[in-house]
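Asker: Dropping the structure in here first, questions after.
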Amino acid sequence: MDLAYIPSPSTGVIHLGPIPLRGYAFCIIIGVFVAVWLGNKRWIARGGTAGTVADIAVWAVPFGLVGGRLYHVITDYQLYFSEGENWVDAFKIWEGGLGIWGAIALGAVGAWIGCRRRGISLPVYADVIAPGIAFAQAIGRWGNWFNQELYGKPTDVPWALKITEGTNREAGLYHPTFLYESLWNVAVGFLVIWADRRFKLGHGRAFALYVAAYCSGRVWTEALRVDEAHHILGLRLNVWTAIFVGLAAVVYLIVSPRFRPGREEIVEPRAAEKAAEKTDAVEGAGTDATTEAADAAGTADRAGDPEDRAAGSEDEAAGPEDETRETEGDGAGHGAGSAAKS
């Protein structure tokens with residue numbers, strides 16, 4: 001008798017009248033929301049304007065969904081194009097099946113388009129959004145729980161995942177690899193946030209750290225899975241992908257500081273230009289006001305007080321009379337002197 005395990009939901013769909021509400025889709029949507037919300041906060045902290053991350057995400061998210069689905073369908077084509085399979089199922093994204101490698105690759109193309117439209121560098125945007133992507137993946141993995149997929153080998157650990165009988169699956173207790181990867185992604189998100197604050201990562205290095213850390217965890221969680229997959233030299237295809245992509249990210253982390261050291265000071269040039277123009281306008285207005293005040297003070301000094309002006313006029317009027325008296329006095333003195341001499 002199994003005393004402890006993680007139960008699987010009896011269904012991944014809740015019908016609201018004729019409208020089906022799918023747990024897998026909900027997890028994807030919530031993950032995208034969290035990534036954009038956190039990215040927006042980080043973008044503003046770096047000096048960008050609110051709403052820029054969401055505007056670029058409008059391009060990145062659809063591209064990412066298409067890329068993720070394409071990768072899954074191409075690498076697991078036998079699920080859709082083998083004999084007895086219905087190729088139309090390849091379009092049923094709500095039933096699960098998104099490859100993170102394709103999602104990131106094609107999502108980057110969409111982000112690049114959005115960045116170019118706003119004059120923003122893609123590496124800067126990638127650094128800002130990196131931890132949000134990790135958290136979005138952590139939430140999205142719970143969509144696999146709703147669909148009873150992405151589980152590992154049979155086990156009897158207390159946290160085993162109970163899987164019920166269904167198409168391409170057998171009932172039993174298995175390693176909850178979806179949970180392992182979800183927790184790993186949460187740790188990766190916090191690691192990137194800490195490292196970015198501690199070392200001021202720039203020029204795409206925060207994103208490279210996310211990729212390297214995620215791939216290191218994906219190698220061991222992928223090795224636990226027992227679902228059908230292509231193998232190369234005894235290893236699952238996704239294990240090889242994680243190894244090569246992770247190594248490339250590590251190389252970039254080591255090499256890039258030599259060519260592009262430091263961190264970008266301006267993340268959104270247009271926003272910085274507008275801020276500079278606004279500052280210049282405020283300073284210009286302050287200078288004009290100071291000049292006007294000085295001119296007004298000078299005018300007031302020149303005008304002076306009315307009483308002072310009156311006193312000055314009296315002094316000017318008295319001046320000629322005093323000169324006349326002095327002249328008369330001088331004449332009398334000369335006359336008296338002449339009489340004495342005589």
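Labeling convention for the structure tokens: chains A, B, ... as they appear, residues from 1 per chain, ligands from 1 in order of appearance.
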Give me the residues near region 212-216 of chain A as a PyMOL selection string, where near means some atom within 12 Å (using only C-alpha atoms) and where sequence neighbours in that chain fewer than 3 positions away do not count.

Answerer: chain A and resi 100-101+130-131+133-135+137-138+180-192+195+205-209+219-223+238-254

Asker: Do a neighbour search on region 198-201 of chain A at 9 Å with only C-alpha atoms, toss out local chain neighbours closer than 4 positions, and write the hits as a VMD selection string.

Answerer: chain A and resid 127 193 to 194 205 to 206 262 to 263

Asker: I want to know what sits within 12 Å of Pro62 (chain A), based on only C-alpha atoms, with residues of the same chain fewer than 2 positions away left out; could you give that as a list in words?

Answerer: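 Answer for this query is Ile28, Ile29, Val32, Ile56, Ala57, Val58, Trp59, Ala60, Gly64, Leu65, Val66, Gly67, Gly68, Arg69, Ala103, Ile104, Leu106, Gly107, Ala108, Val109, Gly110, Ala111 and Gly114 of chain A.
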
Asker: Those residues you just picked out, can you put them in a file as a compact mmCIF listing (two decimals), in the first residue's frame with all heavy atoms?

Answerer:
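Resulting contents of again_18.txt:
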# COMPACT_ATOMS: atom_id res chain seq x y z
N ILE A 28 0.78 28.19 -19.01
CA ILE A 28 1.58 28.94 -19.98
C ILE A 28 1.28 30.43 -19.88
O ILE A 28 2.19 31.28 -19.86
CB ILE A 28 1.33 28.44 -21.41
CG1 ILE A 28 1.75 26.98 -21.57
CG2 ILE A 28 2.06 29.32 -22.42
CD1 ILE A 28 3.22 26.74 -21.35
N ILE A 29 0.00 30.77 -19.81
CA ILE A 29 -0.41 32.18 -19.74
C ILE A 29 0.10 32.84 -18.47
O ILE A 29 0.63 33.96 -18.49
CB ILE A 29 -1.94 32.29 -19.84
CG1 ILE A 29 -2.41 31.86 -21.23
CG2 ILE A 29 -2.39 33.71 -19.54
CD1 ILE A 29 -3.91 31.74 -21.36
N VAL A 32 3.84 33.48 -18.72
CA VAL A 32 4.14 34.65 -19.56
C VAL A 32 3.88 35.94 -18.79
O VAL A 32 4.68 36.89 -18.84
CB VAL A 32 3.31 34.61 -20.86
CG1 VAL A 32 3.44 35.93 -21.61
CG2 VAL A 32 3.76 33.45 -21.74
N ILE A 56 7.64 44.48 -26.51
CA ILE A 56 8.52 43.54 -27.21
C ILE A 56 8.01 42.11 -27.05
O ILE A 56 8.14 41.29 -27.97
CB ILE A 56 9.96 43.68 -26.69
CG1 ILE A 56 10.48 45.09 -26.98
CG2 ILE A 56 10.88 42.63 -27.31
CD1 ILE A 56 11.86 45.38 -26.39
N ALA A 57 7.41 41.81 -25.90
CA ALA A 57 6.87 40.47 -25.67
C ALA A 57 5.73 40.14 -26.64
O ALA A 57 5.49 38.97 -26.94
CB ALA A 57 6.37 40.35 -24.23
N VAL A 58 5.05 41.17 -27.12
CA VAL A 58 3.99 40.95 -28.11
C VAL A 58 4.57 40.25 -29.35
O VAL A 58 3.88 39.48 -30.03
CB VAL A 58 3.33 42.30 -28.49
CG1 VAL A 58 2.43 42.14 -29.71
CG2 VAL A 58 2.54 42.84 -27.31
N TRP A 59 5.83 40.52 -29.64
CA TRP A 59 6.51 39.85 -30.76
C TRP A 59 7.14 38.53 -30.32
O TRP A 59 7.08 37.52 -31.02
CB TRP A 59 7.60 40.76 -31.33
CG TRP A 59 7.07 41.93 -32.07
CD1 TRP A 59 6.78 43.16 -31.55
CD2 TRP A 59 6.75 41.99 -33.46
NE1 TRP A 59 6.30 43.99 -32.53
CE2 TRP A 59 6.27 43.30 -33.72
CE3 TRP A 59 6.82 41.08 -34.51
CZ2 TRP A 59 5.87 43.70 -34.99
CZ3 TRP A 59 6.43 41.48 -35.78
CH2 TRP A 59 5.96 42.78 -36.00
N ALA A 60 7.76 38.53 -29.15
CA ALA A 60 8.54 37.37 -28.71
C ALA A 60 7.66 36.17 -28.36
O ALA A 60 8.00 35.03 -28.71
CB ALA A 60 9.39 37.75 -27.50
N GLY A 64 7.81 32.50 -29.93
CA GLY A 64 8.28 31.46 -29.04
C GLY A 64 7.35 30.25 -29.02
O GLY A 64 7.81 29.10 -29.00
N LEU A 65 6.05 30.49 -29.03
CA LEU A 65 5.09 29.38 -29.04
C LEU A 65 5.21 28.57 -30.33
O LEU A 65 5.19 27.34 -30.30
CB LEU A 65 3.66 29.92 -28.88
CG LEU A 65 3.32 30.51 -27.50
CD1 LEU A 65 1.93 31.12 -27.53
CD2 LEU A 65 3.41 29.44 -26.42
N VAL A 66 5.33 29.27 -31.43
CA VAL A 66 5.48 28.57 -32.71
C VAL A 66 6.79 27.78 -32.74
O VAL A 66 6.83 26.61 -33.15
CB VAL A 66 5.43 29.57 -33.89
CG1 VAL A 66 5.77 28.87 -35.19
CG2 VAL A 66 4.05 30.21 -33.98
N GLY A 67 7.87 28.41 -32.28
CA GLY A 67 9.16 27.73 -32.26
C GLY A 67 9.17 26.53 -31.35
O GLY A 67 9.72 25.47 -31.70
N GLY A 68 8.54 26.66 -30.18
CA GLY A 68 8.48 25.54 -29.25
C GLY A 68 7.70 24.36 -29.81
O GLY A 68 8.09 23.20 -29.66
N ARG A 69 6.61 24.67 -30.50
CA ARG A 69 5.81 23.60 -31.08
C ARG A 69 6.53 22.95 -32.26
O ARG A 69 6.49 21.72 -32.42
CB ARG A 69 4.45 24.15 -31.55
CG ARG A 69 3.47 23.07 -31.99
CD ARG A 69 3.16 22.10 -30.86
NE ARG A 69 2.15 21.12 -31.25
CZ ARG A 69 1.74 20.13 -30.45
NH1 ARG A 69 2.26 20.00 -29.23
NH2 ARG A 69 0.82 19.27 -30.86
N ALA A 103 11.47 27.25 -28.52
CA ALA A 103 10.79 28.44 -28.00
C ALA A 103 11.77 29.58 -27.80
O ALA A 103 11.49 30.74 -28.15
CB ALA A 103 10.08 28.10 -26.70
N ILE A 104 12.94 29.28 -27.22
CA ILE A 104 13.94 30.32 -26.99
C ILE A 104 14.52 30.81 -28.31
O ILE A 104 14.70 32.02 -28.52
CB ILE A 104 15.06 29.80 -26.08
CG1 ILE A 104 14.52 29.50 -24.68
CG2 ILE A 104 16.20 30.80 -26.01
CD1 ILE A 104 13.99 30.71 -23.94
N LEU A 106 13.31 30.73 -31.56
CA LEU A 106 12.41 31.54 -32.38
C LEU A 106 11.86 32.72 -31.60
O LEU A 106 11.58 33.78 -32.18
CB LEU A 106 11.27 30.67 -32.92
CG LEU A 106 10.64 31.13 -34.25
CD1 LEU A 106 11.71 31.30 -35.31
CD2 LEU A 106 9.58 30.14 -34.71
N GLY A 107 11.72 32.56 -30.29
CA GLY A 107 11.30 33.69 -29.46
C GLY A 107 12.31 34.82 -29.51
O GLY A 107 11.96 35.99 -29.47
N ALA A 108 13.61 34.46 -29.62
CA ALA A 108 14.65 35.47 -29.74
C ALA A 108 14.52 36.25 -31.04
O ALA A 108 14.80 37.46 -31.08
CB ALA A 108 16.03 34.81 -29.65
N VAL A 109 14.07 35.57 -32.09
CA VAL A 109 13.85 36.26 -33.37
C VAL A 109 12.74 37.30 -33.21
O VAL A 109 12.86 38.44 -33.66
CB VAL A 109 13.48 35.25 -34.48
CG1 VAL A 109 13.11 35.99 -35.77
CG2 VAL A 109 14.64 34.29 -34.73
N GLY A 110 11.65 36.89 -32.55
CA GLY A 110 10.56 37.84 -32.30
C GLY A 110 11.01 39.00 -31.43
O GLY A 110 10.66 40.16 -31.69
N ALA A 111 11.80 38.70 -30.40
CA ALA A 111 12.30 39.76 -29.53
C ALA A 111 13.22 40.71 -30.29
O ALA A 111 13.21 41.92 -30.07
CB ALA A 111 13.04 39.15 -28.34
N GLY A 114 11.08 43.11 -32.19
CA GLY A 114 10.52 44.11 -31.29
C GLY A 114 11.57 45.10 -30.82
O GLY A 114 11.29 46.31 -30.71

Asker: Using only C-alpha atoms, determine which residues lie at most 10 Å from Tyr174 (chain A), disregarding the query and same-chain residues fewer than 5 positions distant; provide the list as a PDB file with all heavy atoms, in the first residue's frame.

Answerer:
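As written to disk, selection.pdb reads:
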ATOM      1  N   TYR A   5       2.111   9.898  -2.036  1.00  0.00           N
ATOM      2  CA  TYR A   5       2.455  10.157  -3.424  1.00  0.00           C
ATOM      3  C   TYR A   5       1.765  11.448  -3.860  1.00  0.00           C
ATOM      4  O   TYR A   5       0.885  11.962  -3.167  1.00  0.00           O
ATOM      5  CB  TYR A   5       2.032   9.001  -4.340  1.00  0.00           C
ATOM      6  CG  TYR A   5       0.555   8.658  -4.295  1.00  0.00           C
ATOM      7  CD1 TYR A   5      -0.372   9.381  -5.053  1.00  0.00           C
ATOM      8  CD2 TYR A   5       0.095   7.614  -3.502  1.00  0.00           C
ATOM      9  CE1 TYR A   5      -1.716   9.078  -5.011  1.00  0.00           C
ATOM     10  CE2 TYR A   5      -1.255   7.307  -3.458  1.00  0.00           C
ATOM     11  CZ  TYR A   5      -2.157   8.035  -4.213  1.00  0.00           C
ATOM     12  OH  TYR A   5      -3.502   7.738  -4.170  1.00  0.00           O
ATOM     13  N   ILE A   6       2.195  11.965  -4.979  1.00  0.00           N
ATOM     14  CA  ILE A   6       1.569  13.154  -5.557  1.00  0.00           C
ATOM     15  C   ILE A   6       0.494  12.696  -6.529  1.00  0.00           C
ATOM     16  O   ILE A   6       0.800  12.011  -7.507  1.00  0.00           O
ATOM     17  CB  ILE A   6       2.612  14.012  -6.302  1.00  0.00           C
ATOM     18  CG1 ILE A   6       3.718  14.447  -5.347  1.00  0.00           C
ATOM     19  CG2 ILE A   6       1.942  15.239  -6.931  1.00  0.00           C
ATOM     20  CD1 ILE A   6       4.865  15.172  -6.035  1.00  0.00           C
ATOM     21  N   LEU A 150       5.659  14.144 -18.843  1.00  0.00           N
ATOM     22  CA  LEU A 150       6.955  14.565 -18.322  1.00  0.00           C
ATOM     23  C   LEU A 150       7.222  13.961 -16.936  1.00  0.00           C
ATOM     24  O   LEU A 150       7.496  14.651 -15.966  1.00  0.00           O
ATOM     25  CB  LEU A 150       7.051  16.099 -18.245  1.00  0.00           C
ATOM     26  CG  LEU A 150       8.469  16.660 -18.080  1.00  0.00           C
ATOM     27  CD1 LEU A 150       9.361  16.245 -19.221  1.00  0.00           C
ATOM     28  CD2 LEU A 150       8.447  18.163 -17.924  1.00  0.00           C
ATOM     29  N   TYR A 151       7.132  12.658 -16.842  1.00  0.00           N
ATOM     30  CA  TYR A 151       7.479  11.969 -15.601  1.00  0.00           C
ATOM     31  C   TYR A 151       8.641  11.022 -15.874  1.00  0.00           C
ATOM     32  O   TYR A 151       8.980  10.728 -17.021  1.00  0.00           O
ATOM     33  CB  TYR A 151       6.279  11.206 -15.037  1.00  0.00           C
ATOM     34  CG  TYR A 151       5.575  10.310 -16.025  1.00  0.00           C
ATOM     35  CD1 TYR A 151       6.017   9.001 -16.250  1.00  0.00           C
ATOM     36  CD2 TYR A 151       4.466  10.768 -16.733  1.00  0.00           C
ATOM     37  CE1 TYR A 151       5.372   8.172 -17.162  1.00  0.00           C
ATOM     38  CE2 TYR A 151       3.819   9.948 -17.646  1.00  0.00           C
ATOM     39  CZ  TYR A 151       4.274   8.664 -17.847  1.00  0.00           C
ATOM     40  OH  TYR A 151       3.634   7.853 -18.750  1.00  0.00           O
ATOM     41  N   GLY A 152       9.283  10.566 -14.800  1.00  0.00           N
ATOM     42  CA  GLY A 152      10.497   9.774 -14.935  1.00  0.00           C
ATOM     43  C   GLY A 152      10.294   8.295 -14.706  1.00  0.00           C
ATOM     44  O   GLY A 152       9.214   7.743 -14.964  1.00  0.00           O
ATOM     45  N   LYS A 153      11.325   7.665 -14.189  1.00  0.00           N
ATOM     46  CA  LYS A 153      11.311   6.221 -13.986  1.00  0.00           C
ATOM     47  C   LYS A 153      10.407   5.844 -12.815  1.00  0.00           C
ATOM     48  O   LYS A 153      10.139   6.679 -11.939  1.00  0.00           O
ATOM     49  CB  LYS A 153      12.738   5.731 -13.729  1.00  0.00           C
ATOM     50  CG  LYS A 153      13.702   6.033 -14.861  1.00  0.00           C
ATOM     51  CD  LYS A 153      15.127   5.651 -14.483  1.00  0.00           C
ATOM     52  CE  LYS A 153      16.093   5.991 -15.610  1.00  0.00           C
ATOM     53  NZ  LYS A 153      17.498   5.664 -15.259  1.00  0.00           N
ATOM     54  N   PRO A 154       9.956   4.595 -12.774  1.00  0.00           N
ATOM     55  CA  PRO A 154       9.154   4.146 -11.627  1.00  0.00           C
ATOM     56  C   PRO A 154       9.946   4.284 -10.331  1.00  0.00           C
ATOM     57  O   PRO A 154      11.165   4.082 -10.294  1.00  0.00           O
ATOM     58  CB  PRO A 154       8.875   2.676 -11.955  1.00  0.00           C
ATOM     59  CG  PRO A 154       8.979   2.590 -13.431  1.00  0.00           C
ATOM     60  CD  PRO A 154      10.067   3.545 -13.813  1.00  0.00           C
ATOM     61  N   THR A 155       9.264   4.647  -9.266  1.00  0.00           N
ATOM     62  CA  THR A 155       9.912   4.844  -7.973  1.00  0.00           C
ATOM     63  C   THR A 155       8.900   4.653  -6.852  1.00  0.00           C
ATOM     64  O   THR A 155       7.683   4.702  -7.081  1.00  0.00           O
ATOM     65  CB  THR A 155      10.530   6.247  -7.882  1.00  0.00           C
ATOM     66  OG1 THR A 155      11.233   6.391  -6.647  1.00  0.00           O
ATOM     67  CG2 THR A 155       9.461   7.318  -7.961  1.00  0.00           C
ATOM     68  N   ASP A 156       9.411   4.464  -5.636  1.00  0.00           N
ATOM     69  CA  ASP A 156       8.546   4.344  -4.465  1.00  0.00           C
ATOM     70  C   ASP A 156       8.853   5.427  -3.431  1.00  0.00           C
ATOM     71  O   ASP A 156       8.509   5.293  -2.264  1.00  0.00           O
ATOM     72  CB  ASP A 156       8.690   2.962  -3.832  1.00  0.00           C
ATOM     73  CG  ASP A 156      10.138   2.656  -3.438  1.00  0.00           C
ATOM     74  OD1 ASP A 156      11.017   3.497  -3.712  1.00  0.00           O
ATOM     75  OD2 ASP A 156      10.387   1.580  -2.859  1.00  0.00           O
ATOM     76  N   VAL A 157       9.498   6.511  -3.851  1.00  0.00           N
ATOM     77  CA  VAL A 157       9.787   7.615  -2.926  1.00  0.00           C
ATOM     78  C   VAL A 157       8.476   8.274  -2.508  1.00  0.00           C
ATOM     79  O   VAL A 157       7.469   8.212  -3.232  1.00  0.00           O
ATOM     80  CB  VAL A 157      10.727   8.649  -3.580  1.00  0.00           C
ATOM     81  CG1 VAL A 157      12.080   8.028  -3.876  1.00  0.00           C
ATOM     82  CG2 VAL A 157      10.109   9.219  -4.847  1.00  0.00           C
ATOM     83  N   TRP A 159       7.465  11.206  -2.535  1.00  0.00           N
ATOM     84  CA  TRP A 159       6.991  12.267  -3.442  1.00  0.00           C
ATOM     85  C   TRP A 159       6.754  11.753  -4.867  1.00  0.00           C
ATOM     86  O   TRP A 159       6.729  12.521  -5.808  1.00  0.00           O
ATOM     87  CB  TRP A 159       7.979  13.432  -3.453  1.00  0.00           C
ATOM     88  CG  TRP A 159       9.374  13.036  -3.849  1.00  0.00           C
ATOM     89  CD1 TRP A 159       9.884  12.945  -5.104  1.00  0.00           C
ATOM     90  CD2 TRP A 159      10.435  12.665  -2.976  1.00  0.00           C
ATOM     91  NE1 TRP A 159      11.185  12.537  -5.078  1.00  0.00           N
ATOM     92  CE2 TRP A 159      11.561  12.369  -3.776  1.00  0.00           C
ATOM     93  CE3 TRP A 159      10.543  12.544  -1.580  1.00  0.00           C
ATOM     94  CZ2 TRP A 159      12.772  11.960  -3.237  1.00  0.00           C
ATOM     95  CZ3 TRP A 159      11.760  12.153  -1.044  1.00  0.00           C
ATOM     96  CH2 TRP A 159      12.861  11.854  -1.863  1.00  0.00           C
ATOM     97  N   ALA A 160       6.581  10.461  -5.011  1.00  0.00           N
ATOM     98  CA  ALA A 160       6.338   9.873  -6.335  1.00  0.00           C
ATOM     99  C   ALA A 160       5.052  10.428  -6.938  1.00  0.00           C
ATOM    100  O   ALA A 160       4.115  10.805  -6.223  1.00  0.00           O
ATOM    101  CB  ALA A 160       6.259   8.358  -6.222  1.00  0.00           C
ATOM    102  N   LEU A 161       5.013  10.466  -8.243  1.00  0.00           N
ATOM    103  CA  LEU A 161       3.841  10.971  -8.970  1.00  0.00           C
ATOM    104  C   LEU A 161       2.993   9.788  -9.426  1.00  0.00           C
ATOM    105  O   LEU A 161       3.496   8.862 -10.068  1.00  0.00           O
ATOM    106  CB  LEU A 161       4.293  11.783 -10.183  1.00  0.00           C
ATOM    107  CG  LEU A 161       3.200  12.278 -11.130  1.00  0.00           C
ATOM    108  CD1 LEU A 161       2.308  13.299 -10.432  1.00  0.00           C
ATOM    109  CD2 LEU A 161       3.815  12.874 -12.396  1.00  0.00           C
ATOM    110  N   LYS A 162       1.719   9.832  -9.098  1.00  0.00           N
ATOM    111  CA  LYS A 162       0.812   8.758  -9.496  1.00  0.00           C
ATOM    112  C   LYS A 162       0.237   9.063 -10.875  1.00  0.00           C
ATOM    113  O   LYS A 162      -0.401  10.095 -11.074  1.00  0.00           O
ATOM    114  CB  LYS A 162      -0.318   8.593  -8.486  1.00  0.00           C
ATOM    115  CG  LYS A 162      -1.233   7.414  -8.801  1.00  0.00           C
ATOM    116  CD  LYS A 162      -2.280   7.216  -7.729  1.00  0.00           C
ATOM    117  CE  LYS A 162      -3.134   5.986  -8.036  1.00  0.00           C
ATOM    118  NZ  LYS A 162      -4.157   5.765  -6.978  1.00  0.00           N
ATOM    119  N   ILE A 163       0.478   8.175 -11.809  1.00  0.00           N
ATOM    120  CA  ILE A 163      -0.019   8.312 -13.180  1.00  0.00           C
ATOM    121  C   ILE A 163      -1.112   7.281 -13.409  1.00  0.00           C
ATOM    122  O   ILE A 163      -0.977   6.110 -13.018  1.00  0.00           O
ATOM    123  CB  ILE A 163       1.120   8.103 -14.196  1.00  0.00           C
ATOM    124  CG1 ILE A 163       2.181   9.200 -14.034  1.00  0.00           C
ATOM    125  CG2 ILE A 163       0.591   8.090 -15.624  1.00  0.00           C
ATOM    126  CD1 ILE A 163       1.706  10.592 -14.328  1.00  0.00           C
ATOM    127  N   LEU A 224      16.183  11.147 -16.455  1.00  0.00           N
ATOM    128  CA  LEU A 224      15.236  10.365 -15.661  1.00  0.00           C
ATOM    129  C   LEU A 224      13.975   9.980 -16.445  1.00  0.00           C
ATOM    130  O   LEU A 224      13.257   9.060 -16.043  1.00  0.00           O
ATOM    131  CB  LEU A 224      14.812  11.152 -14.410  1.00  0.00           C
ATOM    132  CG  LEU A 224      15.839  11.296 -13.282  1.00  0.00           C
ATOM    133  CD1 LEU A 224      15.290  12.230 -12.217  1.00  0.00           C
ATOM    134  CD2 LEU A 224      16.162   9.932 -12.679  1.00  0.00           C
ATOM    135  N   ARG A 225      13.711  10.664 -17.533  1.00  0.00           N
ATOM    136  CA  ARG A 225      12.452  10.458 -18.250  1.00  0.00           C
ATOM    137  C   ARG A 225      12.432   9.113 -18.976  1.00  0.00           C
ATOM    138  O   ARG A 225      13.470   8.589 -19.401  1.00  0.00           O
ATOM    139  CB  ARG A 225      12.231  11.602 -19.244  1.00  0.00           C
ATOM    140  CG  ARG A 225      11.976  12.931 -18.554  1.00  0.00           C
ATOM    141  CD  ARG A 225      11.918  14.089 -19.535  1.00  0.00           C
ATOM    142  NE  ARG A 225      10.845  13.942 -20.504  1.00  0.00           N
ATOM    143  CZ  ARG A 225      10.512  14.889 -21.385  1.00  0.00           C
ATOM    144  NH1 ARG A 225      11.175  16.036 -21.385  1.00  0.00           N
ATOM    145  NH2 ARG A 225       9.537  14.686 -22.240  1.00  0.00           N
ATOM    146  N   VAL A 226      11.209   8.585 -19.105  1.00  0.00           N
ATOM    147  CA  VAL A 226      11.042   7.277 -19.751  1.00  0.00           C
ATOM    148  C   VAL A 226      10.112   7.351 -20.957  1.00  0.00           C
ATOM    149  O   VAL A 226       9.862   6.325 -21.598  1.00  0.00           O
ATOM    150  CB  VAL A 226      10.478   6.237 -18.750  1.00  0.00           C
ATOM    151  CG1 VAL A 226      11.486   5.970 -17.640  1.00  0.00           C
ATOM    152  CG2 VAL A 226       9.148   6.727 -18.154  1.00  0.00           C
TER     153      VAL A 226
END

Asker: Can you tell me, as number ranges by chain, which residues in region 27-174 of chain A count as strand (DSSP E) by DSSP?

Answerer: A: 161-163, 172-174

Asker: Quick one: of A:Gly23, A:Pro123, A:Gly39, A:Gly97, who's nearest to Trp142 (chain A), counting only C-alpha atoms?

Answerer: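 Closest to Trp142 (chain A) of all the choices is A:Gly23.
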
Asker: Based on DSSP run over this structure's backbone, return all residues of region 8-174 of chain A in alpha helix (DSSP H), as a ChimeraX atom specification.

Answerer: /A:23-45,52-75,78-81,100-118,122-146

Asker: Please identify all polymer residues within 9 Å of Val267 (chain A), counting only C-alpha atoms, omitting same-chain residues fewer than 3 positions from it, and present them as a list in words.

Answerer: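 Counting only C-alpha atoms, the residues come to Trp43, Arg46, Gly47, Gly48, Ile120, Ser121, Val124, Tyr125, Glu264, Ala271 and Ala272 of chain A.
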
Asker: Would you save the residues of that selection, restricted to C-alpha atoms, as a compact mmCIF listing (two decimals), in the first residue's frame?

Answerer:
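Below is the file that was written, out_4.txt:
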# COMPACT_ATOMS: atom_id res chain seq x y z
CA TRP A 43 13.71 47.19 -17.04
CA ARG A 46 17.84 49.73 -15.37
CA GLY A 47 16.52 53.10 -16.58
CA GLY A 48 13.98 51.99 -19.19
CA ILE A 120 16.95 48.64 -28.23
CA SER A 121 19.85 46.20 -28.05
CA VAL A 124 20.13 44.13 -22.92
CA TYR A 125 16.56 42.93 -23.25
CA GLU A 264 25.37 49.00 -20.55
CA ALA A 271 13.88 57.14 -23.41
CA ALA A 272 17.26 58.57 -22.38

Asker: Just how far from CA of Ala136 (chain A) is CA of Arg169 (chain A), in Å to one decimal?

Answerer: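 Interatomic distance here is 26.7 Å.
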
Asker: Mind checking which residues fall within 12 Å of region 84-96 of chain A, counting only C-alpha atoms, ignoring those fewer than 4 positions away in the same chain, and posting them as an mmCIF file with C-alpha atoms, in the first residue's frame?

Answerer:
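Saved the output as part-v2.cif:
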data_model
loop_
_atom_site.group_PDB
_atom_site.id
_atom_site.type_symbol
_atom_site.label_atom_id
_atom_site.label_comp_id
_atom_site.auth_asym_id
_atom_site.auth_seq_id
_atom_site.Cartn_x
_atom_site.Cartn_y
_atom_site.Cartn_z
ATOM 1 C CA THR A 11 -8.705 15.741 -16.023
ATOM 2 C CA GLY A 12 -6.728 18.633 -17.431
ATOM 3 C CA VAL A 13 -9.826 20.386 -18.757
ATOM 4 C CA PRO A 20 -12.985 24.342 -22.373
ATOM 5 C CA LEU A 21 -10.526 25.771 -19.854
ATOM 6 C CA ARG A 22 -7.286 23.802 -20.051
ATOM 7 C CA GLY A 23 -4.792 23.672 -17.204
ATOM 8 C CA TYR A 24 -1.851 23.478 -19.598
ATOM 9 C CA ALA A 25 -2.851 26.729 -21.301
ATOM 10 C CA PHE A 26 -3.458 28.442 -17.964
ATOM 11 C CA CYS A 27 0.045 27.588 -16.781
ATOM 12 C CA ILE A 28 1.580 28.940 -19.982
ATOM 13 C CA ILE A 29 -0.407 32.180 -19.742
ATOM 14 C CA LEU A 65 5.090 29.384 -29.035
ATOM 15 C CA VAL A 66 5.482 28.573 -32.712
ATOM 16 C CA GLY A 67 9.159 27.734 -32.264
ATOM 17 C CA GLY A 68 8.479 25.538 -29.249
ATOM 18 C CA ARG A 69 5.805 23.597 -31.081
ATOM 19 C CA LEU A 70 7.914 23.197 -34.214
ATOM 20 C CA TYR A 71 10.819 21.785 -32.223
ATOM 21 C CA HIS A 72 8.541 19.285 -30.498
ATOM 22 C CA VAL A 73 6.838 18.155 -33.696
ATOM 23 C CA ILE A 74 10.134 17.830 -35.593
ATOM 24 C CA THR A 75 11.945 15.905 -32.864
ATOM 25 C CA ASP A 76 8.916 13.707 -32.071
ATOM 26 C CA TYR A 77 7.523 13.449 -35.576
ATOM 27 C CA GLN A 78 6.607 9.784 -35.041
ATOM 28 C CA LEU A 79 3.818 10.885 -32.718
ATOM 29 C CA TYR A 80 2.073 12.677 -35.569
ATOM 30 C CA GLY A 140 4.642 26.159 -17.231
ATOM 31 C CA ARG A 141 5.945 22.758 -16.060
ATOM 32 C CA TRP A 142 2.824 22.383 -13.940
ATOM 33 C CA GLY A 143 0.923 22.237 -17.207
ATOM 34 C CA ASN A 144 2.659 18.875 -17.716
ATOM 35 C CA TRP A 145 1.165 17.752 -14.410
ATOM 36 C CA PHE A 146 -2.334 18.546 -15.698
ATOM 37 C CA ASN A 147 -1.638 16.481 -18.822
ATOM 38 C CA GLN A 148 0.070 13.636 -16.903
ATOM 39 C CA GLU A 149 3.268 13.906 -18.910
ATOM 40 C CA LEU A 150 6.955 14.565 -18.322
#

Asker: May I ask for the distance between CA of Val34 (chain A) and CA of Arg117 (chain A), given in Å to one decimal place?

Answerer: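 Value for the CA of Val34 (chain A)-CA of Arg117 (chain A) distance: 23.6 Å.
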